[in-house]
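*Asks:* This one is coords31.txt, compact mmCIF, C-alpha atoms.
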```txt
# COMPACT_ATOMS: atom_id res chain seq x y z
CA MET A 1 0.30 -18.81 13.45
CA LYS A 2 4.00 -18.53 12.69
CA PRO A 3 5.97 -18.73 9.45
CA PRO A 4 7.37 -22.10 8.39
CA VAL A 5 11.14 -22.60 8.46
CA PHE A 6 13.11 -21.02 5.61
CA GLU A 7 16.67 -20.02 4.76
CA TYR A 8 17.20 -16.27 4.92
CA GLU A 9 19.73 -14.07 3.19
CA ARG A 10 20.13 -10.33 2.73
CA PRO A 11 22.33 -9.73 -0.31
CA ASP A 12 24.05 -6.35 -0.34
CA SER A 13 23.73 -5.70 -4.07
CA LEU A 14 21.29 -6.31 -6.90
CA ARG A 15 23.90 -8.49 -8.61
CA ALA A 16 24.19 -10.73 -5.56
CA ALA A 17 20.40 -10.94 -5.31
CA LEU A 18 20.10 -11.95 -8.96
CA ASP A 19 22.85 -14.56 -8.56
CA SER A 20 20.99 -16.05 -5.63
CA LEU A 21 17.73 -16.00 -7.55
CA THR A 22 19.46 -17.87 -10.39
CA ARG A 23 20.76 -20.51 -7.97
CA HIS A 24 17.51 -21.02 -6.08
CA GLY A 25 14.87 -20.01 -8.66
CA SER A 26 11.35 -21.05 -7.84
CA LYS A 27 12.32 -22.30 -4.36
CA ALA A 28 13.12 -18.72 -3.36
CA LYS A 29 10.90 -15.70 -2.76
CA LEU A 30 12.04 -12.09 -2.89
CA LEU A 31 11.15 -10.18 0.28
CA ALA A 32 10.50 -6.47 -0.28
CA GLY A 33 8.03 -4.57 1.94
CA GLY A 34 6.69 -7.86 3.25
CA TYR A 35 3.06 -6.81 3.62
CA SER A 36 1.85 -9.50 1.23
CA LEU A 37 4.55 -12.13 1.65
CA ILE A 38 4.78 -12.24 5.45
CA PRO A 39 1.01 -12.55 6.03
CA MET A 40 1.07 -15.45 3.56
CA LEU A 41 3.90 -17.02 5.56
CA ASN A 42 2.08 -16.39 8.84
CA LEU A 43 -1.00 -18.09 7.45
CA ARG A 44 1.22 -20.80 5.93
CA LEU A 45 -0.31 -20.30 2.53
CA ILE A 46 3.16 -20.67 1.01
CA LYS A 47 6.31 -22.44 2.10
CA PRO A 48 9.33 -21.06 0.24
CA GLY A 49 12.68 -22.71 0.91
CA ARG A 50 14.49 -19.39 0.98
CA LEU A 51 13.77 -15.69 1.39
CA ILE A 52 16.04 -13.27 -0.42
CA ASP A 53 15.59 -10.01 1.47
CA VAL A 54 16.00 -7.18 -1.03
CA SER A 55 14.22 -4.60 1.13
CA ARG A 56 17.43 -2.66 1.82
CA LEU A 57 18.77 -2.48 -1.75
CA ALA A 58 19.14 1.30 -2.01
CA GLU A 59 20.10 0.99 -5.68
CA LEU A 60 16.44 0.16 -6.45
CA GLN A 61 14.98 3.05 -4.43
CA TYR A 62 14.72 6.08 -6.68
CA LEU A 63 12.28 8.18 -8.63
CA VAL A 64 13.67 10.19 -11.54
CA GLU A 65 12.04 12.20 -14.29
CA GLU A 66 13.70 12.09 -17.69
CA PHE A 67 12.94 11.98 -21.40
CA GLY A 68 9.22 12.42 -20.95
CA GLN A 69 8.88 9.59 -18.48
CA LEU A 70 9.20 8.77 -14.82
CA ARG A 71 11.51 5.94 -13.83
CA ILE A 72 10.65 4.42 -10.48
CA GLY A 73 12.96 1.93 -8.78
CA ALA A 74 11.03 -1.22 -7.90
CA LEU A 75 11.82 -0.92 -4.18
CA THR A 76 10.61 2.66 -3.85
CA THR A 77 8.00 2.77 -1.10
CA HIS A 78 4.41 3.76 -1.78
CA ASN A 79 4.65 6.78 0.51
CA THR A 80 7.77 8.03 -1.29
CA ILE A 81 5.88 7.92 -4.58
CA LEU A 82 2.71 9.36 -3.06
CA ARG A 83 4.65 12.37 -1.76
CA SER A 84 6.64 12.96 -4.94
CA SER A 85 6.00 16.30 -6.64
CA ALA A 86 7.09 14.77 -9.98
CA ILE A 87 4.31 12.17 -9.69
CA ALA A 88 1.74 14.75 -8.62
CA ALA A 89 2.61 16.95 -11.60
CA ASN A 90 2.89 14.26 -14.26
CA CYS A 91 0.81 11.27 -13.16
CA PRO A 92 -1.89 12.65 -10.85
CA ILE A 93 -4.00 9.51 -11.31
CA MET A 94 -1.35 7.62 -9.37
CA VAL A 95 -1.75 9.95 -6.39
CA GLU A 96 -5.53 9.61 -6.55
CA ALA A 97 -5.27 5.81 -6.66
CA TYR A 98 -2.81 5.70 -3.76
CA ARG A 99 -5.57 6.92 -1.44
CA HIS A 100 -6.98 3.40 -1.78
CA VAL A 101 -3.74 1.41 -1.48
CA ALA A 102 -3.92 -0.21 1.96
CA ASN A 103 -3.18 2.50 4.54
CA HIS A 104 -0.43 4.83 5.69
CA SER A 105 1.50 2.33 7.84
CA ILE A 106 1.60 -0.21 5.04
CA ARG A 107 2.58 2.43 2.51
CA ASN A 108 5.51 3.37 4.77
CA ARG A 109 7.20 0.08 3.99
CA GLY A 110 5.32 -1.46 1.06
CA THR A 111 6.95 -1.04 -2.34
CA LEU A 112 5.56 -0.39 -5.82
CA GLY A 113 7.53 -3.35 -7.22
CA GLY A 114 6.23 -5.73 -4.58
CA ASN A 115 2.66 -4.59 -5.17
CA LEU A 116 2.95 -5.09 -8.95
CA CYS A 117 4.67 -8.48 -8.71
CA HIS A 118 2.13 -9.82 -6.21
CA ASN A 119 -0.63 -8.74 -8.64
CA ASP A 120 -3.50 -9.41 -6.26
CA PRO A 121 -6.63 -8.93 -8.40
CA THR A 122 -7.86 -6.21 -6.04
CA PHE A 123 -4.62 -4.19 -6.12
CA GLU A 124 -4.87 -0.75 -7.68
CA MET A 125 -1.38 -0.16 -9.04
CA PRO A 126 -1.40 -2.84 -11.79
CA LEU A 127 -4.44 -1.08 -13.24
CA VAL A 128 -2.88 2.37 -12.96
CA VAL A 129 0.43 1.32 -14.53
CA THR A 130 -1.43 -0.51 -17.33
CA LEU A 131 -3.68 2.46 -18.12
CA LEU A 132 -0.67 4.78 -18.15
CA GLY A 133 0.98 2.52 -20.73
CA GLY A 134 3.86 1.75 -18.38
CA THR A 135 6.83 -0.47 -19.04
CA MET A 136 8.52 -2.90 -16.67
CA LEU A 137 12.24 -3.46 -16.61
CA ALA A 138 13.14 -6.99 -15.50
CA ARG A 139 16.63 -8.21 -14.77
CA SER A 140 18.23 -11.57 -14.22
CA ALA A 141 21.79 -12.85 -14.26
CA ARG A 142 21.15 -13.53 -17.97
CA GLY A 143 20.46 -9.90 -18.79
CA SER A 144 17.56 -7.48 -18.84
CA ARG A 145 14.38 -6.97 -20.83
CA THR A 146 11.47 -4.58 -20.92
CA ILE A 147 7.88 -5.77 -20.75
CA ALA A 148 4.82 -3.67 -21.58
CA ALA A 149 2.53 -3.46 -18.56
CA GLN A 150 -0.30 -4.95 -20.57
CA ARG A 151 1.74 -8.12 -21.08
CA PHE A 152 3.35 -8.14 -17.63
CA PHE A 153 0.15 -8.81 -15.66
CA LYS A 154 -0.95 -12.23 -16.81
CA ALA A 155 -3.59 -13.42 -14.34
CA PRO A 156 -4.45 -12.95 -10.67
CA PHE A 157 -1.23 -13.42 -8.67
CA ALA A 158 0.74 -14.13 -11.86
CA THR A 159 3.12 -12.00 -13.92
CA ASP A 160 5.34 -12.52 -16.94
CA LEU A 161 8.50 -12.75 -14.78
CA ALA A 162 10.56 -15.95 -15.01
CA ALA A 163 11.73 -17.64 -11.80
CA ASP A 164 15.20 -16.07 -12.07
CA GLU A 165 13.95 -12.59 -12.97
CA MET A 166 13.33 -9.59 -10.77
CA LEU A 167 11.36 -6.45 -11.52
CA VAL A 168 13.86 -3.62 -11.06
CA GLU A 169 12.20 -0.55 -12.55
CA VAL A 170 8.78 0.76 -13.54
CA ARG A 171 8.56 3.41 -16.27
CA VAL A 172 5.46 5.49 -16.77
CA PRO A 173 5.09 8.26 -19.34
CA ARG A 174 4.38 11.82 -18.26
CA MET A 175 0.79 12.72 -18.94
CA PRO A 176 0.19 15.96 -20.85
CA SER A 177 -1.07 18.88 -18.80
CA GLY A 178 -4.80 19.32 -19.18
CA HIS A 179 -5.51 15.61 -19.58
CA GLY A 180 -8.53 14.13 -17.84
CA TYR A 181 -8.11 11.40 -15.29
CA CYS A 182 -9.99 9.77 -12.46
CA PHE A 183 -9.59 6.80 -10.13
CA LEU A 184 -12.53 5.57 -8.08
CA GLU A 185 -13.01 2.55 -5.88
CA VAL A 186 -15.75 1.00 -3.82
CA SER A 187 -14.67 -1.07 -0.85
CA GLN A 188 -16.25 -1.82 2.50
CA ARG A 189 -13.85 0.51 4.29
CA LEU A 190 -11.23 2.88 2.88
CA GLY A 191 -8.09 0.85 2.21
CA ASP A 192 -9.85 -2.52 2.23
CA ARG A 193 -9.71 -4.75 -0.79
CA ALA A 194 -11.59 -3.28 -3.74
CA LEU A 195 -15.03 -4.66 -4.52
CA ILE A 196 -14.54 -2.85 -7.82
CA ALA A 197 -11.98 -0.22 -8.77
CA ALA A 198 -12.25 1.87 -11.90
CA ALA A 199 -9.92 4.29 -13.64
CA CYS A 200 -9.82 6.36 -16.79
CA LEU A 201 -7.56 8.66 -18.76
CA LEU A 202 -8.56 10.84 -21.68
CA THR A 203 -7.95 14.11 -23.47
CA ILE A 204 -10.50 16.36 -25.10
CA ARG A 205 -9.66 17.96 -28.44
CA TYR A 206 -12.13 20.16 -30.33
CA GLY A 207 -14.88 18.92 -28.03
CA ALA A 208 -14.25 15.21 -28.69
CA CYS A 209 -12.83 12.61 -26.30
CA ARG A 210 -9.54 11.18 -27.52
CA GLU A 211 -7.06 8.58 -26.29
CA VAL A 212 -9.70 7.24 -23.95
CA ARG A 213 -8.50 4.52 -21.63
CA ILE A 214 -10.93 2.84 -19.25
CA GLY A 215 -10.09 -0.04 -16.95
CA PHE A 216 -11.27 -1.94 -13.90
CA ARG A 217 -9.87 -3.99 -11.09
CA ASN A 218 -11.39 -7.07 -9.50
CA ALA A 219 -13.64 -7.24 -12.54
CA GLY A 220 -12.45 -10.45 -14.19
CA ASP A 221 -9.39 -12.61 -14.58
CA SER A 222 -7.36 -10.28 -16.74
CA VAL A 223 -9.54 -7.22 -17.22
CA TYR A 224 -7.55 -4.06 -17.17
CA ARG A 225 -8.62 -2.02 -20.15
CA VAL A 226 -12.15 -2.52 -21.40
CA ALA A 227 -12.13 -1.96 -25.16
CA ALA A 228 -15.93 -1.88 -25.46
CA ALA A 229 -16.21 0.99 -22.98
CA GLU A 230 -13.36 2.90 -24.61
CA ALA A 231 -14.93 2.49 -28.06
CA ALA A 232 -18.25 3.85 -26.80
CA ILE A 233 -16.69 7.24 -26.10
CA GLU A 234 -13.56 7.53 -28.27
CA GLY A 235 -13.92 10.34 -30.80
CA LYS A 236 -17.33 11.36 -29.48
CA PRO A 237 -18.33 14.58 -27.73
CA ALA A 238 -18.31 14.45 -23.94
CA SER A 239 -22.04 14.24 -23.29
CA ALA A 240 -24.33 12.55 -20.80
CA SER A 241 -25.61 10.10 -23.42
CA VAL A 242 -22.11 9.11 -24.54
CA ILE A 243 -21.07 8.56 -20.92
CA GLU A 244 -24.19 6.45 -20.35
CA ALA A 245 -23.30 4.29 -23.37
CA ALA A 246 -19.78 3.79 -22.01
CA ALA A 247 -21.16 2.83 -18.59
CA GLU A 248 -23.47 0.23 -20.11
CA ALA A 249 -20.70 -1.13 -22.32
CA ALA A 250 -18.39 -1.44 -19.29
CA ALA A 251 -20.98 -3.24 -17.16
CA GLY A 252 -21.65 -5.69 -19.98
CA ALA A 253 -18.01 -6.40 -20.78
CA ILE A 254 -16.58 -7.19 -17.35
CA THR A 255 -16.83 -10.55 -15.60
CA PRO A 256 -16.54 -9.68 -11.91
CA PRO A 257 -16.36 -12.37 -9.23
CA GLY A 258 -19.19 -12.95 -6.78
CA ASP A 259 -18.49 -13.61 -3.12
CA LEU A 260 -20.06 -13.04 0.28
CA HIS A 261 -19.33 -9.30 0.09
CA ALA A 262 -21.02 -8.66 -3.25
CA ASP A 263 -22.51 -10.75 -6.02
CA GLU A 264 -21.66 -10.38 -9.68
CA ALA A 265 -24.76 -8.32 -10.58
CA TYR A 266 -24.05 -5.82 -7.81
CA ARG A 267 -20.48 -5.42 -8.99
CA ARG A 268 -21.69 -4.77 -12.56
CA ASP A 269 -23.99 -2.05 -11.21
CA VAL A 270 -21.12 -0.53 -9.25
CA ALA A 271 -18.89 -0.62 -12.34
CA ALA A 272 -21.54 1.26 -14.35
CA THR A 273 -21.97 3.85 -11.60
CA LEU A 274 -18.23 4.35 -11.20
CA THR A 275 -17.89 4.71 -14.98
CA ARG A 276 -20.48 7.49 -15.05
CA ARG A 277 -18.84 9.31 -12.14
CA MET A 278 -15.27 8.94 -13.27
CA LEU A 279 -15.92 10.00 -16.87
CA ARG A 280 -17.71 13.12 -15.67
CA THR A 281 -14.81 13.94 -13.37
CA ALA A 282 -12.21 13.22 -16.05
CA CYS A 283 -14.03 15.36 -18.63
CA ALA A 284 -14.33 18.21 -16.12
CA ARG A 285 -10.62 17.96 -15.35
CA ALA A 286 -9.93 18.10 -19.08
CA GLY A 287 -11.80 21.42 -19.12
CA HIS A 288 -15.12 20.15 -20.43
CA ALA A 289 -17.89 19.90 -17.85
CA VAL A 290 -20.71 17.57 -18.89
CA ASP A 291 -24.23 18.92 -18.41
CA GLY A 292 -27.25 16.94 -17.27
CA MET B 1 17.85 -24.67 14.03
CA ASP B 2 19.97 -22.04 12.28
CA THR B 3 20.05 -18.70 14.00
CA LEU B 4 21.41 -15.31 13.02
CA GLN B 5 22.85 -12.64 15.26
CA ILE B 6 21.11 -9.29 15.22
CA ASN B 7 21.69 -5.94 16.88
CA VAL B 8 18.57 -3.92 17.51
CA THR B 9 17.97 -0.72 19.45
CA VAL B 10 14.68 -0.87 21.31
CA ASN B 11 13.54 2.28 23.10
CA GLY B 12 17.09 3.60 23.12
CA ARG B 13 18.66 0.44 24.54
CA ALA B 14 20.90 -1.79 22.41
CA PHE B 15 20.10 -5.51 22.31
CA GLN B 16 22.11 -8.31 20.74
CA ARG B 17 20.34 -11.63 20.24
CA ARG B 18 20.55 -14.76 18.13
CA VAL B 19 17.22 -15.46 16.46
CA GLU B 20 15.65 -17.86 13.99
CA PRO B 21 15.00 -16.08 10.66
CA ARG B 22 11.29 -16.89 10.90
CA LEU B 23 10.84 -15.09 14.22
CA LEU B 24 8.46 -12.18 13.71
CA LEU B 25 9.49 -8.77 15.02
CA SER B 26 6.33 -8.70 17.15
CA ASP B 27 7.34 -11.95 18.88
CA PHE B 28 10.93 -10.77 19.20
CA ILE B 29 9.79 -7.65 21.04
CA ARG B 30 7.42 -9.56 23.31
CA HIS B 31 9.29 -12.79 24.00
CA GLU B 32 12.98 -11.97 23.52
CA ILE B 33 13.02 -8.41 24.84
CA GLY B 34 10.11 -8.96 27.22
CA LEU B 35 8.20 -5.81 26.30
CA THR B 36 4.61 -7.00 26.17
CA GLY B 37 3.04 -3.59 25.56
CA THR B 38 3.16 -4.31 21.82
CA HIS B 39 0.00 -6.35 21.28
CA VAL B 40 -0.56 -9.05 18.70
CA GLY B 41 -3.97 -9.08 17.07
CA CYS B 42 -4.48 -10.57 13.63
CA GLU B 43 -0.87 -11.43 12.74
CA ASN B 44 -1.53 -10.76 9.10
CA GLY B 45 -1.23 -7.02 8.80
CA VAL B 46 -4.88 -6.06 9.07
CA CYS B 47 -5.50 -4.75 12.59
CA GLY B 48 -2.49 -2.58 13.50
CA ALA B 49 -2.40 -3.64 17.18
CA CYS B 50 1.33 -4.47 16.83
CA THR B 51 2.26 -1.07 15.35
CA VAL B 52 5.73 0.09 16.44
CA LEU B 53 8.00 2.79 15.04
CA LEU B 54 10.86 1.50 12.90
CA ASP B 55 13.42 4.27 12.41
CA GLY B 56 10.54 6.61 13.22
CA LEU B 57 8.00 5.15 10.78
CA ALA B 58 4.81 3.34 11.84
CA THR B 59 5.33 -0.31 11.00
CA ARG B 60 3.38 -3.51 11.68
CA ALA B 61 5.69 -5.71 13.69
CA CYS B 62 3.78 -8.86 12.68
CA CYS B 63 4.67 -8.31 9.02
CA MET B 64 8.38 -8.02 9.55
CA LEU B 65 11.02 -10.53 10.57
CA ALA B 66 13.18 -9.78 13.57
CA VAL B 67 16.28 -10.31 11.39
CA GLN B 68 15.08 -7.42 9.22
CA ALA B 69 15.32 -5.11 12.22
CA ASP B 70 19.09 -5.73 12.43
CA GLY B 71 20.80 -2.35 12.84
CA ARG B 72 17.47 -0.56 13.14
CA ARG B 73 15.86 1.54 15.84
CA ILE B 74 12.54 0.38 17.30
CA GLU B 75 10.20 2.39 19.51
CA THR B 76 7.38 0.67 21.36
CA VAL B 77 4.61 1.92 23.63
CA GLU B 78 6.97 1.50 26.60
CA SER B 79 8.98 4.44 25.23
CA LEU B 80 6.07 6.78 26.03
CA GLY B 81 5.12 7.68 29.62
CA ARG B 82 4.78 5.39 32.62
CA ALA B 83 1.59 4.52 34.50
CA ASN B 84 2.24 7.24 37.09
CA ASN B 85 3.64 9.70 34.56
CA LEU B 86 1.71 9.51 31.30
CA ASN B 87 2.87 11.55 28.35
CA LEU B 88 0.46 14.08 26.83
CA LEU B 89 -0.93 11.69 24.23
CA GLN B 90 -1.57 9.01 26.83
CA ARG B 91 -3.02 11.57 29.22
CA ALA B 92 -5.43 12.69 26.48
CA PHE B 93 -6.55 9.08 25.90
CA TRP B 94 -7.08 8.79 29.65
CA GLU B 95 -9.08 12.04 29.88
CA MET B 96 -11.25 11.43 26.81
CA HIS B 97 -11.87 7.73 27.44
CA GLY B 98 -10.07 6.79 24.20
CA LEU B 99 -10.11 3.11 25.06
CA GLN B 100 -12.34 0.47 26.49
CA CYS B 101 -10.66 -2.93 26.50
CA GLY B 102 -7.31 -1.35 25.62
CA TYR B 103 -6.10 -4.08 23.30
CA CYS B 104 -5.67 -1.78 20.30
CA THR B 105 -4.37 1.13 22.38
CA PRO B 106 -0.58 0.56 22.11
CA GLY B 107 -0.89 0.44 18.33
CA MET B 108 -3.10 3.53 18.28
CA LEU B 109 -0.63 5.42 20.48
CA MET B 110 2.36 4.56 18.29
CA LEU B 111 0.44 5.38 15.11
CA MET B 112 -0.53 8.76 16.54
CA THR B 113 2.99 9.36 17.89
CA GLU B 114 4.27 9.22 14.31
CA LEU B 115 1.49 11.52 13.09
CA LEU B 116 2.04 14.13 15.81
CA ARG B 117 5.78 14.18 15.16
CA GLU B 118 5.31 14.88 11.46
CA ASN B 119 2.36 17.22 12.00
CA PRO B 120 1.91 18.61 15.54
CA HIS B 121 -1.38 20.32 14.61
CA PRO B 122 -3.44 17.86 12.56
CA ASP B 123 -7.10 18.73 12.09
CA ARG B 124 -9.85 16.29 12.95
CA GLU B 125 -10.16 14.97 9.41
CA THR B 126 -6.41 14.31 9.17
CA ILE B 127 -6.56 12.41 12.45
CA ARG B 128 -9.54 10.34 11.29
CA LEU B 129 -7.87 9.48 8.02
CA ARG B 130 -4.70 8.29 9.74
CA LEU B 131 -6.66 6.32 12.36
CA ASN B 132 -8.09 4.40 9.41
CA ASP B 133 -4.91 2.29 9.66
CA ASN B 134 -5.87 0.54 12.89
CA ILE B 135 -8.90 -1.38 14.09
CA CYS B 136 -10.69 -0.82 17.40
CA ARG B 137 -13.57 -3.14 18.19
CA CYS B 138 -14.90 -1.30 21.25
CA THR B 139 -15.01 2.45 21.03
CA GLY B 140 -16.58 3.23 17.68
CA TYR B 141 -13.50 5.45 17.20
CA GLU B 142 -15.14 8.74 18.19
CA ASP B 143 -13.45 8.82 21.59
CA ILE B 144 -10.11 7.92 20.01
CA VAL B 145 -10.44 10.84 17.59
CA ASN B 146 -11.47 13.08 20.51
CA SER B 147 -8.43 11.89 22.46
CA VAL B 148 -6.02 12.84 19.70
CA VAL B 149 -7.74 16.21 19.23
CA ARG B 150 -7.30 16.70 22.99
CA ALA B 151 -3.63 15.71 22.74
CA VAL B 152 -3.11 18.38 20.09
CA GLU B 153 -4.65 20.93 22.50
CA LEU B 154 -2.44 19.78 25.36
CA MET B 155 0.67 19.93 23.17
CA ARG B 156 -0.24 23.45 22.09
CA GLY B 157 -0.60 24.40 25.73
CA GLU B 158 -3.91 26.03 24.88
CA THR B 159 -5.81 24.45 27.71
CA ALA B 160 -4.60 23.50 31.12
CA VAL B 161 -3.84 19.89 31.90
CA ARG B 162 -6.76 18.62 33.96
```
Can the structure in the file be given as structure tokens, please?

*Replies:*
Amino acid sequence: MKPPVFEYERPDSLRAALDSLTRHGSKAKLLAGGYSLIPMLNLRLIKPGRLIDVSRLAELQYLVEEFGQLRIGALTTHNTILRSSAIAANCPIMVEAYRHVANHSIRNRGTLGGNLCHNDPTFEMPLVVTLLGGTMLARSARGSRTIAAQRFFKAPFATDLAADEMLVEVRVPRMPSGHGYCFLEVSQRLGDRALIAAACLLTIRYGACREVRIGFRNAGDSVYRVAAAEAAIEGKPASASVIEAAAEAAAGAITPPGDLHADEAYRRDVAATLTRRMLRTACARAGHAVDG
Amino acid sequence: MDTLQINVTVNGRAFQRRVEPRLLLSDFIRHEIGLTGTHVGCENGVCGACTVLLDGLATRACCMLAVQADGRRIETVESLGRANNLNLLQRAFWEMHGLQCGYCTPGMLMLMTELLRENPHPDRETIRLRLNDNICRCTGYEDIVNSVVRAVELMRGETAVR
């Protein structure tokens, strides 16, 4: 089990990396943390002609807070983000979700950009960035463009990036203090691939849930936000019956896969249970404990 | 076959080699440098047996190319104690029976070396959470956790070395 033969280069600037990507396009793969790409090479699931090693591009390793948002360089490692006080203060759901992203050793070297671009259907961060209403900044030798997270993640293992484009920055808005949030996941062991992951964001104003965002991972080809579940609670008081309605709506709306670890019906049950738990937690964090 | 020249420091010693880009760091350490303490388990980043420290950070050597280690500092299990002079962490594994077949042990030791450097007094729960990284198929983990707890005691000097 060894990687197939490939050309290797380690450009010393983003510009050089983008030039190479333009020249080699779909024959080339960008190598960041390597924890998805190199296993795929080892297993010979893919056979790229060239690896462009961007893992040392310091110009894409940063995390800055400005104008009400956090700008995260695509090559910032998971552990850097996980330990950031700016993230803890402004996007606590990201910290909660990171508990489930692989494990410490992988987070030492794995990058947010690599995770998002690989877009494995069990990965947590595409869901988190989508729920937060994040924006992706892509660059190529032709120029740059921004892509809303909701349009960036197209299908399992597919994104909106063209062959000559590279994700260079992820922007997530600061969440207001006092917002409710929760990220929950069921997997066979902590850090394993999610059987189902669930997340929500909301605020409570005058006793009613507002700006409710509910989403799932590994729950269908392109399911991130589940409109039916959001509609079941938006504008309503945070109560046990409203939460139950949202849980039922979520379980009915998703189309989870079935495999040897869990069939579809089990995953729907888990999604409903996680919805109940996470909405209660989110409401409590927003200062409104739900009775019963 | 095209090869690239790399300079890598392994356990404090500088090595210069020409390698194929597709050579994994785990195979470089074992076959080029000849240090076979770093074990190879799953070769796809799941088991942690090949864990080494890369510039001080726990890293899976099967998920990294040797060419990526150019200019970097690697520490392997051979950087710890020797058979007749174990370091405290190894001694604790020995005392508490923290291994059975021993295949996962080099990875466990390097993983815990990183933890104990960043936090010399981790509690049991912290140790358990970090050990979640690596797989052991023999021990059921309890004795590994006990070993690391023992290592923390030995490092504190609270109890005499047995």

*Asks:* Please identify all residues of chain A having at least one atom at most 12 Å from any atom of chain B, considering all atoms listed in the file, and return them as a ChimeraX atom specification.

*Replies:* /A:1-10,31-45,47-56,79,99-110,189-193

*Asks:* Got time to write the residues from that selection, C-alpha atoms, as a PDB file, in the coordinates of the input?

*Replies:*
```pdb
ATOM      1  CA  MET A   1       0.300 -18.810  13.450  1.00  0.00           C
ATOM      2  CA  LYS A   2       4.000 -18.530  12.690  1.00  0.00           C
ATOM      3  CA  PRO A   3       5.970 -18.730   9.450  1.00  0.00           C
ATOM      4  CA  PRO A   4       7.370 -22.100   8.390  1.00  0.00           C
ATOM      5  CA  VAL A   5      11.140 -22.600   8.460  1.00  0.00           C
ATOM      6  CA  PHE A   6      13.110 -21.020   5.610  1.00  0.00           C
ATOM      7  CA  GLU A   7      16.670 -20.020   4.760  1.00  0.00           C
ATOM      8  CA  TYR A   8      17.200 -16.270   4.920  1.00  0.00           C
ATOM      9  CA  GLU A   9      19.730 -14.070   3.190  1.00  0.00           C
ATOM     10  CA  ARG A  10      20.130 -10.330   2.730  1.00  0.00           C
ATOM     11  CA  LEU A  31      11.150 -10.180   0.280  1.00  0.00           C
ATOM     12  CA  ALA A  32      10.500  -6.470  -0.280  1.00  0.00           C
ATOM     13  CA  GLY A  33       8.030  -4.570   1.940  1.00  0.00           C
ATOM     14  CA  GLY A  34       6.690  -7.860   3.250  1.00  0.00           C
ATOM     15  CA  TYR A  35       3.060  -6.810   3.620  1.00  0.00           C
ATOM     16  CA  SER A  36       1.850  -9.500   1.230  1.00  0.00           C
ATOM     17  CA  LEU A  37       4.550 -12.130   1.650  1.00  0.00           C
ATOM     18  CA  ILE A  38       4.780 -12.240   5.450  1.00  0.00           C
ATOM     19  CA  PRO A  39       1.010 -12.550   6.030  1.00  0.00           C
ATOM     20  CA  MET A  40       1.070 -15.450   3.560  1.00  0.00           C
ATOM     21  CA  LEU A  41       3.900 -17.020   5.560  1.00  0.00           C
ATOM     22  CA  ASN A  42       2.080 -16.390   8.840  1.00  0.00           C
ATOM     23  CA  LEU A  43      -1.000 -18.090   7.450  1.00  0.00           C
ATOM     24  CA  ARG A  44       1.220 -20.800   5.930  1.00  0.00           C
ATOM     25  CA  LEU A  45      -0.310 -20.300   2.530  1.00  0.00           C
ATOM     26  CA  LYS A  47       6.310 -22.440   2.100  1.00  0.00           C
ATOM     27  CA  PRO A  48       9.330 -21.060   0.240  1.00  0.00           C
ATOM     28  CA  GLY A  49      12.680 -22.710   0.910  1.00  0.00           C
ATOM     29  CA  ARG A  50      14.490 -19.390   0.980  1.00  0.00           C
ATOM     30  CA  LEU A  51      13.770 -15.690   1.390  1.00  0.00           C
ATOM     31  CA  ILE A  52      16.040 -13.270  -0.420  1.00  0.00           C
ATOM     32  CA  ASP A  53      15.590 -10.010   1.470  1.00  0.00           C
ATOM     33  CA  VAL A  54      16.000  -7.180  -1.030  1.00  0.00           C
ATOM     34  CA  SER A  55      14.220  -4.600   1.130  1.00  0.00           C
ATOM     35  CA  ARG A  56      17.430  -2.660   1.820  1.00  0.00           C
ATOM     36  CA  ASN A  79       4.650   6.780   0.510  1.00  0.00           C
ATOM     37  CA  ARG A  99      -5.570   6.920  -1.440  1.00  0.00           C
ATOM     38  CA  HIS A 100      -6.980   3.400  -1.780  1.00  0.00           C
ATOM     39  CA  VAL A 101      -3.740   1.410  -1.480  1.00  0.00           C
ATOM     40  CA  ALA A 102      -3.920  -0.210   1.960  1.00  0.00           C
ATOM     41  CA  ASN A 103      -3.180   2.500   4.540  1.00  0.00           C
ATOM     42  CA  HIS A 104      -0.430   4.830   5.690  1.00  0.00           C
ATOM     43  CA  SER A 105       1.500   2.330   7.840  1.00  0.00           C
ATOM     44  CA  ILE A 106       1.600  -0.210   5.040  1.00  0.00           C
ATOM     45  CA  ARG A 107       2.580   2.430   2.510  1.00  0.00           C
ATOM     46  CA  ASN A 108       5.510   3.370   4.770  1.00  0.00           C
ATOM     47  CA  ARG A 109       7.200   0.080   3.990  1.00  0.00           C
ATOM     48  CA  GLY A 110       5.320  -1.460   1.060  1.00  0.00           C
ATOM     49  CA  ARG A 189     -13.850   0.510   4.290  1.00  0.00           C
ATOM     50  CA  LEU A 190     -11.230   2.880   2.880  1.00  0.00           C
ATOM     51  CA  GLY A 191      -8.090   0.850   2.210  1.00  0.00           C
ATOM     52  CA  ASP A 192      -9.850  -2.520   2.230  1.00  0.00           C
ATOM     53  CA  ARG A 193      -9.710  -4.750  -0.790  1.00  0.00           C
TER      54      ARG A 193
END
```

*Asks:* Taking into account all atoms listed in the file, which residue in the set B:Met112, B:Cys101, B:His39, B:Tyr141 is nearest to Leu88 of chain B?

*Replies:*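 Of all the options, B:Met112 lies closest to Leu88 of chain B.
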
*Asks:* Any idea what the distance is between atom CA of Ile147 of chain A and atom CA of Arg225 of chain A?

*Replies:*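 Spanning atom CA of Ile147 of chain A to atom CA of Arg225 of chain A is a straight-line distance of 16.9 Å.
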
*Asks:* Using all atoms listed in the file, give me every residue within 7 Å of (1.5, 13.5, 23.9) in file coordinates, as an mmCIF file with C-alpha atoms, in the coordinates of the input.

*Replies:*
```
data_model
loop_
_atom_site.group_PDB
_atom_site.id
_atom_site.type_symbol
_atom_site.label_atom_id
_atom_site.label_comp_id
_atom_site.auth_asym_id
_atom_site.auth_seq_id
_atom_site.Cartn_x
_atom_site.Cartn_y
_atom_site.Cartn_z
ATOM 1 C CA ASN B 87 2.870 11.550 28.350
ATOM 2 C CA LEU B 88 0.460 14.080 26.830
ATOM 3 C CA LEU B 89 -0.930 11.690 24.230
ATOM 4 C CA GLN B 90 -1.570 9.010 26.830
ATOM 5 C CA ALA B 151 -3.630 15.710 22.740
ATOM 6 C CA MET B 155 0.670 19.930 23.170
#
```
